[in-house]
>>> print(open('start-v4.txt').read())   # compact mmCIF, C-alpha atoms
# COMPACT_ATOMS: atom_id res chain seq x y z
CA MET A 3 -56.97 105.04 220.05
CA LYS A 4 -55.77 108.51 220.82
CA ILE A 5 -57.19 109.71 224.09
CA ASP A 6 -54.95 112.70 224.63
CA GLY A 7 -56.95 115.61 225.95
CA MET A 8 -59.45 113.22 227.50
CA LYS A 9 -57.63 112.89 230.78
CA TRP A 10 -60.89 112.46 232.64
CA LEU A 11 -61.31 109.04 231.03
CA SER A 12 -58.50 107.81 233.24
CA ALA A 13 -60.90 108.11 236.18
CA PHE A 14 -62.37 104.81 234.93
CA ASP A 15 -59.01 103.07 234.68
CA PHE A 16 -58.25 100.71 237.54
CA THR A 17 -54.50 101.16 237.18
CA THR A 18 -54.82 104.93 237.52
CA LEU A 19 -57.06 104.56 240.55
CA GLY A 20 -54.56 102.19 242.12
CA GLY A 21 -52.28 105.20 242.15
CA THR A 22 -48.61 105.43 242.90
CA PHE A 23 -46.45 105.43 245.99
CA GLY A 24 -44.52 108.60 246.63
CA THR A 25 -40.78 108.69 246.10
CA MET A 26 -37.87 109.86 248.24
CA LYS A 27 -37.23 113.08 246.41
CA GLU A 28 -35.49 114.57 249.44
CA PRO A 29 -34.48 111.74 251.77
CA ALA A 30 -33.73 114.22 254.52
CA LYS A 31 -37.29 115.56 254.50
CA ASN A 32 -39.49 112.75 253.24
CA THR A 33 -40.79 110.06 255.58
CA PHE A 34 -41.59 106.56 254.35
CA LEU A 35 -44.68 108.10 252.72
CA GLY A 36 -42.47 109.73 250.12
CA ALA A 37 -43.66 112.71 248.15
CA GLY A 38 -45.98 112.91 245.18
CA GLY A 39 -47.91 109.68 245.74
CA VAL A 40 -51.56 109.56 244.63
CA SER A 41 -54.77 107.61 245.12
CA ALA A 42 -55.09 104.19 246.79
CA LYS A 43 -51.40 103.46 247.26
CA ALA A 44 -50.63 106.88 248.74
CA GLY A 45 -53.76 106.65 250.90
CA PHE A 46 -52.76 103.26 252.25
CA LEU A 47 -49.27 104.34 253.24
CA PHE A 48 -50.63 107.47 254.83
CA ALA A 49 -53.25 105.48 256.77
CA LEU A 50 -50.50 103.13 257.93
CA SER A 51 -48.60 106.08 259.34
CA LEU A 52 -51.63 106.94 261.51
CA VAL A 53 -51.84 103.57 263.26
CA PRO A 54 -49.27 104.24 266.03
CA THR A 55 -50.89 107.56 267.03
CA VAL A 56 -54.32 105.98 267.20
CA MET A 57 -53.01 103.11 269.32
CA LEU A 58 -51.30 105.55 271.68
CA ALA A 59 -54.40 107.76 271.93
CA LEU A 60 -56.77 104.88 272.72
CA GLY A 61 -54.27 103.33 275.12
CA CYS A 62 -54.15 106.57 277.11
CA LEU A 63 -57.93 106.94 276.91
CA GLU A 64 -58.34 103.45 278.34
CA ILE A 65 -56.14 104.34 281.32
CA PHE A 66 -58.03 107.59 281.96
CA SER A 67 -61.39 105.80 281.88
CA HIS A 68 -60.11 103.04 284.11
CA TYR A 69 -59.03 105.51 286.78
CA GLY A 70 -62.42 107.21 286.94
CA ALA A 71 -62.34 110.00 284.36
CA ILE A 72 -65.88 109.03 283.39
CA ARG A 73 -67.18 109.12 286.94
CA ALA A 74 -65.48 112.47 287.55
CA ALA A 75 -66.95 113.94 284.37
CA HIS A 76 -70.39 112.65 285.34
CA LYS A 77 -70.15 114.42 288.72
CA LEU A 78 -68.99 117.67 287.13
CA LEU A 79 -71.71 117.70 284.49
CA THR A 80 -74.73 116.80 286.64
CA PRO A 81 -75.33 120.26 288.25
CA PHE A 82 -75.51 121.92 284.81
CA LEU A 83 -78.09 119.66 283.22
CA LYS A 84 -81.33 120.73 284.89
CA PRO A 85 -80.90 124.52 284.67
CA LEU A 86 -79.28 124.49 281.23
CA LEU A 87 -81.08 121.79 279.27
CA GLY A 88 -84.05 121.05 281.52
CA ILE A 89 -83.17 117.37 281.73
CA PRO A 90 -82.62 115.51 285.03
CA GLY A 91 -79.09 114.98 286.39
CA LEU A 92 -79.42 111.23 286.09
CA THR A 93 -79.07 111.59 282.31
CA GLY A 94 -75.47 112.74 282.88
CA LEU A 95 -74.05 109.26 282.62
CA ALA A 96 -75.74 108.59 279.27
CA LEU A 97 -74.43 111.92 277.95
CA ILE A 98 -70.89 111.40 279.19
CA THR A 99 -70.87 107.85 277.85
CA ASP A 100 -71.79 109.27 274.44
CA LEU A 101 -68.46 111.13 274.48
CA GLN A 102 -66.75 107.76 274.39
CA SER A 103 -69.12 105.55 272.50
CA THR A 104 -72.10 106.55 270.38
CA ASP A 105 -73.70 103.13 270.66
CA ALA A 106 -73.33 102.77 274.42
CA GLY A 107 -74.67 106.31 274.93
CA ALA A 108 -77.69 105.59 272.74
CA ALA A 109 -78.40 102.34 274.58
CA LEU A 110 -78.29 104.13 277.95
CA SER A 111 -80.72 106.84 276.73
CA LYS A 112 -83.14 104.18 275.55
CA GLU A 113 -82.91 102.44 278.91
CA LEU A 114 -83.73 105.67 280.76
CA TYR A 115 -86.78 106.21 278.58
CA ASP A 116 -87.97 102.62 278.85
CA GLN A 117 -87.76 102.84 282.64
CA LYS A 118 -89.84 106.04 282.42
CA GLN A 119 -87.05 108.03 284.09
CA ILE A 120 -87.24 110.66 281.34
CA THR A 121 -90.05 111.97 279.14
CA LYS A 122 -90.18 111.94 275.36
CA LYS A 123 -89.22 115.61 275.22
CA GLU A 124 -86.21 115.00 277.45
CA LEU A 125 -85.24 112.10 275.21
CA VAL A 126 -85.26 114.37 272.15
CA ILE A 127 -83.09 116.95 273.93
CA MET A 128 -80.68 114.21 274.98
CA GLY A 129 -80.69 112.94 271.42
CA ALA A 130 -79.72 116.40 270.19
CA TRP A 131 -76.82 116.58 272.65
CA GLN A 132 -75.60 113.15 271.64
CA TYR A 133 -76.17 113.44 267.88
CA SER A 134 -73.97 116.42 267.11
CA GLY A 135 -70.41 115.29 267.61
CA ALA A 136 -71.39 111.78 268.65
CA GLY A 137 -68.64 109.67 270.21
CA LEU A 138 -66.71 112.93 270.46
CA ILE A 139 -63.58 112.00 272.39
CA ASN A 140 -63.07 108.63 270.74
CA ASN A 141 -63.76 109.90 267.22
CA TYR A 142 -61.63 113.00 267.68
CA PHE A 143 -58.58 111.10 268.86
CA ALA A 144 -59.06 108.00 266.72
CA ILE A 145 -60.00 109.67 263.42
CA GLY A 146 -59.14 113.35 263.87
CA SER A 147 -55.56 112.49 264.83
CA ALA A 148 -54.95 112.24 261.08
CA LEU A 149 -55.10 116.03 260.98
CA PHE A 150 -53.37 116.80 264.29
CA ALA A 151 -49.95 117.33 262.72
CA ALA A 152 -51.35 120.04 260.44
CA LEU A 153 -53.31 121.97 263.10
CA THR A 154 -52.24 125.54 263.81
CA ALA A 155 -54.00 125.63 267.21
CA PRO A 156 -53.51 123.38 270.25
CA VAL A 157 -55.28 120.02 269.82
CA ILE A 158 -57.43 120.62 272.90
CA ILE A 159 -59.12 123.80 271.58
CA PRO A 160 -61.33 122.18 268.91
CA LEU A 161 -62.28 119.50 271.45
CA VAL A 162 -63.41 122.02 274.06
CA LEU A 163 -65.24 124.03 271.39
CA MET A 164 -67.11 120.94 270.18
CA PHE A 165 -68.05 120.05 273.76
CA VAL A 166 -69.48 123.51 274.36
CA LEU A 167 -71.34 123.46 271.03
CA LYS A 168 -73.02 120.19 271.97
CA PHE A 169 -74.81 122.24 274.64
CA VAL A 170 -75.57 125.03 272.17
CA GLY A 171 -77.21 122.55 269.77
CA ALA A 172 -79.24 120.94 272.56
CA LEU A 173 -80.32 124.37 273.82
CA PHE A 174 -81.47 125.26 270.31
CA VAL A 175 -83.48 122.05 270.09
CA ARG A 176 -84.98 122.65 273.54
CA PHE A 177 -86.00 126.12 272.44
CA VAL A 178 -87.63 124.85 269.21
CA LEU A 179 -89.45 122.09 271.10
CA ASN A 180 -90.79 124.64 273.58
CA VAL A 181 -91.93 127.05 270.88
CA VAL A 182 -92.86 125.13 267.72
CA TYR A 183 -93.74 121.68 269.04
CA LYS A 184 -95.34 122.81 272.31
CA GLU A 185 -98.57 120.86 271.61
CA ASP A 186 -96.73 117.52 271.23
CA PHE A 187 -95.68 117.49 274.84
CA ARG A 188 -98.82 118.91 276.46
CA ASN A 189 -99.73 115.63 278.14
CA GLU A 190 -96.32 115.07 279.64
CA GLN A 191 -95.51 115.75 283.31
CA MET B 28 -66.95 100.44 275.21
CA SER B 29 -69.16 101.64 278.05
CA ASN B 30 -67.83 103.23 281.19
CA ASN B 31 -67.35 99.90 282.94
CA THR B 32 -64.90 98.93 280.23
CA LYS B 33 -63.55 95.43 280.54
CA THR B 34 -59.83 95.72 281.11
CA ALA B 35 -58.77 92.09 280.90
CA GLY B 36 -59.28 91.70 284.63
CA SER B 37 -55.98 93.39 285.38
CA ASN B 38 -55.35 96.57 287.32
CA ASN B 39 -51.84 96.95 286.04
CA PRO B 40 -51.66 100.27 284.12
CA PHE B 41 -49.46 98.69 281.47
CA ASP B 42 -52.03 95.98 280.82
CA ILE B 43 -54.82 98.58 280.67
CA PHE B 44 -52.83 100.58 278.17
CA VAL B 45 -52.30 97.50 276.04
CA VAL B 46 -56.05 96.77 276.03
CA GLY B 47 -56.67 100.31 274.78
CA ALA B 48 -53.85 100.17 272.26
CA ARG B 49 -55.34 96.94 270.92
CA LYS B 50 -58.70 98.70 270.46
CA GLY B 51 -56.77 101.47 268.73
CA PHE B 52 -55.27 98.96 266.32
CA GLN B 53 -58.72 97.50 265.61
CA ILE B 54 -60.13 100.95 264.89
CA ALA B 55 -57.14 101.86 262.76
CA THR B 56 -57.27 98.71 260.62
CA ASN B 57 -61.06 98.22 260.50
CA ASN B 58 -62.29 101.81 260.27
CA LEU B 59 -59.51 104.23 259.56
CA MET B 60 -57.38 102.60 256.87
CA PRO B 61 -60.19 101.42 254.55
CA ASN B 62 -61.85 104.82 254.84
CA VAL B 63 -58.67 106.74 254.10
CA VAL B 64 -57.95 104.57 251.04
CA MET B 65 -61.52 105.14 249.82
CA ALA B 66 -61.25 108.88 250.42
CA TYR B 67 -57.95 109.13 248.56
CA VAL B 68 -59.43 107.28 245.58
CA ILE B 69 -62.64 109.34 245.54
CA ALA B 70 -60.64 112.56 245.78
CA GLU B 71 -58.51 111.38 242.85
CA ILE B 72 -61.61 110.53 240.77
CA LEU B 73 -63.18 113.92 241.53
CA ASN B 74 -59.90 115.50 240.57
CA LEU B 75 -59.53 113.58 237.28
CA VAL B 76 -63.06 114.24 236.04
CA GLY B 77 -62.67 117.89 237.01
CA ALA B 78 -65.48 117.84 239.57
CA MET B 79 -63.22 119.12 242.33
CA GLN B 80 -62.51 122.36 240.46
CA PHE B 81 -66.21 122.72 239.60
CA ILE B 82 -67.35 122.19 243.20
CA GLY B 83 -64.61 124.57 244.31
CA GLN B 84 -65.92 127.37 242.10
CA ILE B 85 -69.59 126.86 242.99
CA PHE B 86 -69.04 126.86 246.73
CA ALA B 87 -66.24 129.43 246.92
CA PRO B 88 -68.53 132.31 248.03
CA LEU B 89 -70.25 130.21 250.71
CA MET B 90 -67.04 128.73 252.09
CA GLY B 91 -65.40 132.16 251.94
CA ILE B 92 -67.57 133.14 254.93
CA PHE B 93 -65.61 130.62 256.99
CA GLY B 94 -62.26 131.58 255.48
CA LEU B 95 -62.05 128.34 253.51
CA PRO B 96 -61.45 127.58 249.82
CA GLY B 97 -64.49 126.26 247.90
CA GLU B 98 -63.11 122.73 247.63
CA ALA B 99 -63.33 122.43 251.43
CA VAL B 100 -67.08 121.84 251.03
CA THR B 101 -66.26 118.31 249.84
CA VAL B 102 -64.84 117.64 253.31
CA LEU B 103 -68.09 118.73 254.97
CA LEU B 104 -70.39 116.88 252.56
CA THR B 105 -68.37 113.69 252.99
CA SER B 106 -68.23 114.09 256.76
CA TRP B 107 -72.00 114.00 256.79
CA LEU B 108 -71.81 110.45 255.45
CA SER B 109 -68.82 109.40 257.53
CA SER B 110 -66.38 111.40 259.63
CA SER B 111 -63.54 109.02 258.74
CA ALA B 112 -64.13 109.63 255.04
CA GLY B 113 -64.41 113.39 255.63
CA THR B 114 -61.12 113.37 257.51
CA GLY B 115 -59.60 111.33 254.70
CA ILE B 116 -60.71 113.91 252.13
CA ALA B 117 -59.28 116.70 254.30
CA VAL B 118 -55.97 114.85 254.51
CA SER B 119 -55.80 114.31 250.77
CA LEU B 120 -56.65 117.98 250.10
CA LEU B 121 -53.83 118.87 252.51
CA ALA B 122 -51.45 116.57 250.64
CA LYS B 123 -52.42 118.20 247.34
CA GLY B 124 -51.93 121.65 248.85
CA ILE B 125 -55.56 122.70 248.16
CA ILE B 126 -56.07 123.44 251.85
CA ASN B 127 -53.41 124.35 254.42
CA GLY B 128 -53.00 123.85 258.15
CA THR B 129 -55.12 126.86 259.00
CA HIS B 130 -57.98 125.54 256.88
CA ALA B 131 -57.67 122.11 258.49
CA THR B 132 -57.86 123.73 261.92
CA ILE B 133 -61.05 125.56 260.93
CA LEU B 134 -62.54 122.36 259.52
CA ILE B 135 -61.72 119.87 262.26
CA PRO B 136 -64.49 120.71 264.77
CA ALA B 137 -67.05 120.95 261.97
CA ILE B 138 -66.07 117.50 260.68
CA PHE B 139 -67.07 115.89 263.95
CA LEU B 140 -70.05 118.09 264.77
CA ILE B 141 -71.79 116.96 261.58
CA GLY B 142 -69.81 113.75 261.41
CA SER B 143 -71.36 110.44 260.34
CA GLN B 144 -74.91 111.70 260.77
CA LEU B 145 -76.19 109.26 258.16
CA GLN B 146 -74.75 106.31 260.10
CA TYR B 147 -75.84 107.67 263.45
CA MET B 148 -79.45 107.98 262.33
CA GLY B 149 -79.53 104.23 262.75
CA ARG B 150 -76.93 103.76 265.42
CA LEU B 151 -77.98 106.62 267.69
CA LEU B 152 -81.43 108.05 266.93
CA GLY B 153 -82.82 104.67 265.95
CA VAL B 154 -81.37 102.85 268.94
CA ALA B 155 -82.42 105.55 271.42
CA ASP B 156 -85.91 105.62 269.80
CA VAL B 157 -85.98 109.37 269.21
CA PRO B 158 -89.22 109.97 267.23
CA GLN B 159 -88.46 110.39 263.51
CA LYS B 160 -90.47 113.59 263.43
CA TYR B 161 -87.61 115.40 265.20
CA TRP B 162 -84.68 113.94 263.24
CA PRO B 163 -84.50 116.85 260.76
CA LEU B 164 -84.48 119.28 263.69
CA LEU B 165 -81.53 117.47 265.26
CA MET B 166 -79.70 117.53 261.92
CA LEU B 167 -80.34 121.24 261.56
CA ALA B 168 -78.95 121.77 265.07
CA SER B 169 -75.78 119.88 264.06
CA VAL B 170 -75.33 121.96 260.90
CA ILE B 171 -75.76 125.16 262.91
CA ASN B 172 -73.19 123.85 265.41
CA ALA B 173 -70.73 123.17 262.59
CA CYS B 174 -71.18 126.68 261.15
CA ILE B 175 -70.68 128.30 264.57
CA ALA B 176 -67.58 126.15 265.10
CA MET B 177 -66.04 127.23 261.77
CA ILE B 178 -66.70 130.91 262.45
CA ILE B 179 -65.11 130.67 265.91
CA MET B 180 -62.15 128.62 264.65
CA ARG B 181 -61.54 131.21 261.97
CA PHE B 182 -60.38 133.60 264.67
CA ILE B 183 -58.35 131.01 266.56
CA ALA B 184 -56.63 129.21 263.67
>>> encode(input="start-v4.txt", output="structure tokens")
Amino acid sequence: MKIDGMKWLSAFDFTTLGGTFGTMKEPAKNTFLGAGGVSAKAGFLFALSLVPTVMLALGCLEIFSHYGAIRAAHKLLTPFLKPLLGIPGLTGLALITDLQSTDAGAALSKELYDQKQITKKELVIMGAWQYSGAGLINNYFAIGSALFAALTAPVIIPLVLMFVLKFVGALFVRFVLNVVYKEDFRNEQ
Amino acid sequence: MSNNTKTAGSNNPFDIFVVGARKGFQIATNNLMPNVVMAYVIAEILNLVGAMQFIGQIFAPLMGIFGLPGEAVTVLLTSWLSSSAGTGIAVSLLAKGIINGTHATILIPAIFLIGSQLQYMGRLLGVADVPQKYWPLLMLASVINACIAMIIMRFIA
């Protein structure tokens, strides 16, 4: 059957989707990824090339956490929480933990609420802080490192920007809760 | 991986590094590689059926605000489902030359600010017991964050 001019049909062909490895068109320039590879095969080789960076990044992260980066960050953040977001300083640890692990951060927030250390409204504001850019540091270095080589700005700039915007998002949510959902929290405090 | 991370009971920095590097390998093989392969294949399918060009045209005006080509919207939409997949799409668009380094720099904070929200509804909002009534509000806040990030990055990248 002649299927010329129906190139889109090849999207349903397993062999096409398997793709091709790139080739060493210019051995001086091309890495083991080659050039011109497509689909699954090209994706696999590319993903393989990311593994060392991810291992290095998480290895360093582990050392920083071990030597108290988390505790230091917790101390630095605490004074900002009450005036800025209207949530108690003791939530700092749950927020900082969220930078490393979404799941651990969520579990800590739940614990605070269950122990009645924070109100429902404070839980929602914490949720907002944690939800946008969850697991920030881990995700950025583990997943985002795939794009690091292409970035035209220093790697730290997007990280700092995202950290600041977490506060912006939480502030926005705090504002909406205070204005639109005021009635919901009347009986609290 | 909480703050009292178990470090194999050793205080030797080399051992601590190795524990982290091992986690890195787990993440790379369990999360990163399968997602990148999937993203490459999806990008190829979208390309073959011509959807990529179509999406590119439709969203060109919107993405133009952030200094991005229309196709870049696929990165953001995919990020919403999974940040690994979104990153994978960004990487494959880079490889195809549809976006360049500047575009990637504009996109990277947005990828993580709206990243994996679908997953995190269960893993974060569900676990922390945030009332469902406020979930859309939190999503809106994340989308606003991502837009602000892209506008700011436009001047830095």
>>> interface_residues(input="start-v4.txt", of="chain B", to="chain A", cutoff="7 Å", atoms="only C-alpha atoms", output="ChimeraX atom specification")
/B:28-30,40,43-52,55,59-60,63-64,67-68,71-72,75-76,111,114,118,128-129,131-132,136,139-142,150-152,154-157,165,168-169,172,183-184
>>> closest_residue(input="start-v4.txt", among="B:Ile125, B:Ile133, B:Ile116, B:Leu104", to="Val170 (chain B)", atoms="all atoms listed in the file")
B:Leu104
>>> atom_distance(input="start-v4.txt", atom1="CA of Thr105 (chain B)", atom2="CA of Thr22 (chain A)")
23.7 Å
>>> atom_distance(input="start-v4.txt", atom1="CA of Asn58 (chain B)", atom2="CA of Gln144 (chain B)")
16.0 Å
>>> residues_around(input="start-v4.txt", residues="Phe86 (chain B)", least_positions_apart="2", cutoff="12 Å", atoms="all atoms listed in the file", output="list of chain:residue names")
B:Met79, B:Gln80, B:Phe81, B:Ile82, B:Gly83, B:Gln84, B:Pro88, B:Leu89, B:Met90, B:Gly91, B:Ile92, B:Phe93, B:Leu95, B:Pro96, B:Gly97, B:Glu98, B:Ala99, B:Val100, B:Thr101, B:Leu103, B:Leu104
>>> atom_distance(input="start-v4.txt", atom1="CA of Pro90 (chain A)", atom2="CA of Phe177 (chain A)")
16.8 Å
>>> decode(input="start-v4.txt", residues="region 133-160 of chain B", atoms="N, CA and C atoms", output="PDB file, in the first residue's frame")
ATOM      1  N   ILE B 133      14.156  30.779  30.545  1.00  0.00           N
ATOM      2  CA  ILE B 133      12.883  31.400  30.921  1.00  0.00           C
ATOM      3  C   ILE B 133      11.930  30.340  31.479  1.00  0.00           C
ATOM      4  N   LEU B 134      11.989  29.143  30.889  1.00  0.00           N
ATOM      5  CA  LEU B 134      11.029  28.099  31.264  1.00  0.00           C
ATOM      6  C   LEU B 134      11.348  27.414  32.591  1.00  0.00           C
ATOM      7  N   ILE B 135      12.644  27.311  32.927  1.00  0.00           N
ATOM      8  CA  ILE B 135      13.006  26.399  34.019  1.00  0.00           C
ATOM      9  C   ILE B 135      12.325  26.712  35.353  1.00  0.00           C
ATOM     10  N   PRO B 136      12.232  27.984  35.808  1.00  0.00           N
ATOM     11  CA  PRO B 136      11.526  28.176  37.081  1.00  0.00           C
ATOM     12  C   PRO B 136      10.037  27.842  36.976  1.00  0.00           C
ATOM     13  N   ALA B 137       9.447  28.153  35.818  1.00  0.00           N
ATOM     14  CA  ALA B 137       8.019  27.877  35.641  1.00  0.00           C
ATOM     15  C   ALA B 137       7.740  26.378  35.689  1.00  0.00           C
ATOM     16  N   ILE B 138       8.662  25.579  35.143  1.00  0.00           N
ATOM     17  CA  ILE B 138       8.465  24.125  35.139  1.00  0.00           C
ATOM     18  C   ILE B 138       8.259  23.617  36.562  1.00  0.00           C
ATOM     19  N   PHE B 139       9.079  24.136  37.494  1.00  0.00           N
ATOM     20  CA  PHE B 139       8.990  23.598  38.849  1.00  0.00           C
ATOM     21  C   PHE B 139       7.919  24.285  39.684  1.00  0.00           C
ATOM     22  N   LEU B 140       7.598  25.534  39.350  1.00  0.00           N
ATOM     23  CA  LEU B 140       6.566  26.220  40.127  1.00  0.00           C
ATOM     24  C   LEU B 140       5.185  25.625  39.871  1.00  0.00           C
ATOM     25  N   ILE B 141       4.945  25.113  38.654  1.00  0.00           N
ATOM     26  CA  ILE B 141       3.673  24.418  38.425  1.00  0.00           C
ATOM     27  C   ILE B 141       3.903  22.918  38.308  1.00  0.00           C
ATOM     28  N   GLY B 142       5.111  22.483  38.665  1.00  0.00           N
ATOM     29  CA  GLY B 142       5.499  21.105  38.404  1.00  0.00           C
ATOM     30  C   GLY B 142       4.717  20.063  39.173  1.00  0.00           C
ATOM     31  N   SER B 143       4.328  19.003  38.482  1.00  0.00           N
ATOM     32  CA  SER B 143       3.743  17.801  39.092  1.00  0.00           C
ATOM     33  C   SER B 143       2.525  18.075  39.965  1.00  0.00           C
ATOM     34  N   GLN B 144       1.765  19.142  39.649  1.00  0.00           N
ATOM     35  CA  GLN B 144       0.659  19.474  40.548  1.00  0.00           C
ATOM     36  C   GLN B 144      -0.375  18.356  40.640  1.00  0.00           C
ATOM     37  N   LEU B 145      -0.548  17.629  39.551  1.00  0.00           N
ATOM     38  CA  LEU B 145      -1.524  16.542  39.544  1.00  0.00           C
ATOM     39  C   LEU B 145      -1.124  15.473  40.558  1.00  0.00           C
ATOM     40  N   GLN B 146       0.169  15.095  40.513  1.00  0.00           N
ATOM     41  CA  GLN B 146       0.690  14.123  41.491  1.00  0.00           C
ATOM     42  C   GLN B 146       0.580  14.649  42.908  1.00  0.00           C
ATOM     43  N   TYR B 147       0.966  15.922  43.074  1.00  0.00           N
ATOM     44  CA  TYR B 147       1.068  16.461  44.426  1.00  0.00           C
ATOM     45  C   TYR B 147      -0.290  16.741  45.049  1.00  0.00           C
ATOM     46  N   MET B 148      -1.356  16.721  44.243  1.00  0.00           N
ATOM     47  CA  MET B 148      -2.685  16.802  44.854  1.00  0.00           C
ATOM     48  C   MET B 148      -2.824  15.664  45.849  1.00  0.00           C
ATOM     49  N   GLY B 149      -2.397  14.482  45.452  1.00  0.00           N
ATOM     50  CA  GLY B 149      -2.471  13.339  46.352  1.00  0.00           C
ATOM     51  C   GLY B 149      -1.354  13.337  47.372  1.00  0.00           C
ATOM     52  N   ARG B 150      -0.130  13.574  46.867  1.00  0.00           N
ATOM     53  CA  ARG B 150       1.030  13.383  47.730  1.00  0.00           C
ATOM     54  C   ARG B 150       1.221  14.525  48.719  1.00  0.00           C
ATOM     55  N   LEU B 151       0.744  15.721  48.364  1.00  0.00           N
ATOM     56  CA  LEU B 151       0.946  16.853  49.279  1.00  0.00           C
ATOM     57  C   LEU B 151      -0.365  17.302  49.914  1.00  0.00           C
ATOM     58  N   LEU B 152      -1.297  17.786  49.074  1.00  0.00           N
ATOM     59  CA  LEU B 152      -2.542  18.342  49.616  1.00  0.00           C
ATOM     60  C   LEU B 152      -3.357  17.265  50.312  1.00  0.00           C
ATOM     61  N   GLY B 153      -3.371  16.082  49.736  1.00  0.00           N
ATOM     62  CA  GLY B 153      -4.113  14.973  50.338  1.00  0.00           C
ATOM     63  C   GLY B 153      -3.492  14.553  51.656  1.00  0.00           C
ATOM     64  N   VAL B 154      -2.192  14.371  51.647  1.00  0.00           N
ATOM     65  CA  VAL B 154      -1.489  13.923  52.855  1.00  0.00           C
ATOM     66  C   VAL B 154      -1.622  14.963  53.968  1.00  0.00           C
ATOM     67  N   ALA B 155      -1.436  16.252  53.614  1.00  0.00           N
ATOM     68  CA  ALA B 155      -1.485  17.298  54.634  1.00  0.00           C
ATOM     69  C   ALA B 155      -2.929  17.620  55.040  1.00  0.00           C
ATOM     70  N   ASP B 156      -3.915  17.059  54.306  1.00  0.00           N
ATOM     71  CA  ASP B 156      -5.325  17.262  54.646  1.00  0.00           C
ATOM     72  C   ASP B 156      -5.784  18.704  54.433  1.00  0.00           C
ATOM     73  N   VAL B 157      -5.250  19.358  53.423  1.00  0.00           N
ATOM     74  CA  VAL B 157      -5.754  20.685  53.062  1.00  0.00           C
ATOM     75  C   VAL B 157      -7.162  20.495  52.482  1.00  0.00           C
ATOM     76  N   PRO B 158      -8.175  21.236  52.995  1.00  0.00           N
ATOM     77  CA  PRO B 158      -9.544  21.021  52.503  1.00  0.00           C
ATOM     78  C   PRO B 158      -9.635  21.211  50.982  1.00  0.00           C
ATOM     79  N   GLN B 159     -10.380  20.290  50.332  1.00  0.00           N
ATOM     80  CA  GLN B 159     -10.430  20.307  48.862  1.00  0.00           C
ATOM     81  C   GLN B 159     -10.973  21.609  48.304  1.00  0.00           C
ATOM     82  N   LYS B 160     -11.782  22.284  49.109  1.00  0.00           N
ATOM     83  CA  LYS B 160     -12.377  23.537  48.676  1.00  0.00           C
ATOM     84  C   LYS B 160     -11.316  24.525  48.194  1.00  0.00           C
TER      85      LYS B 160
END
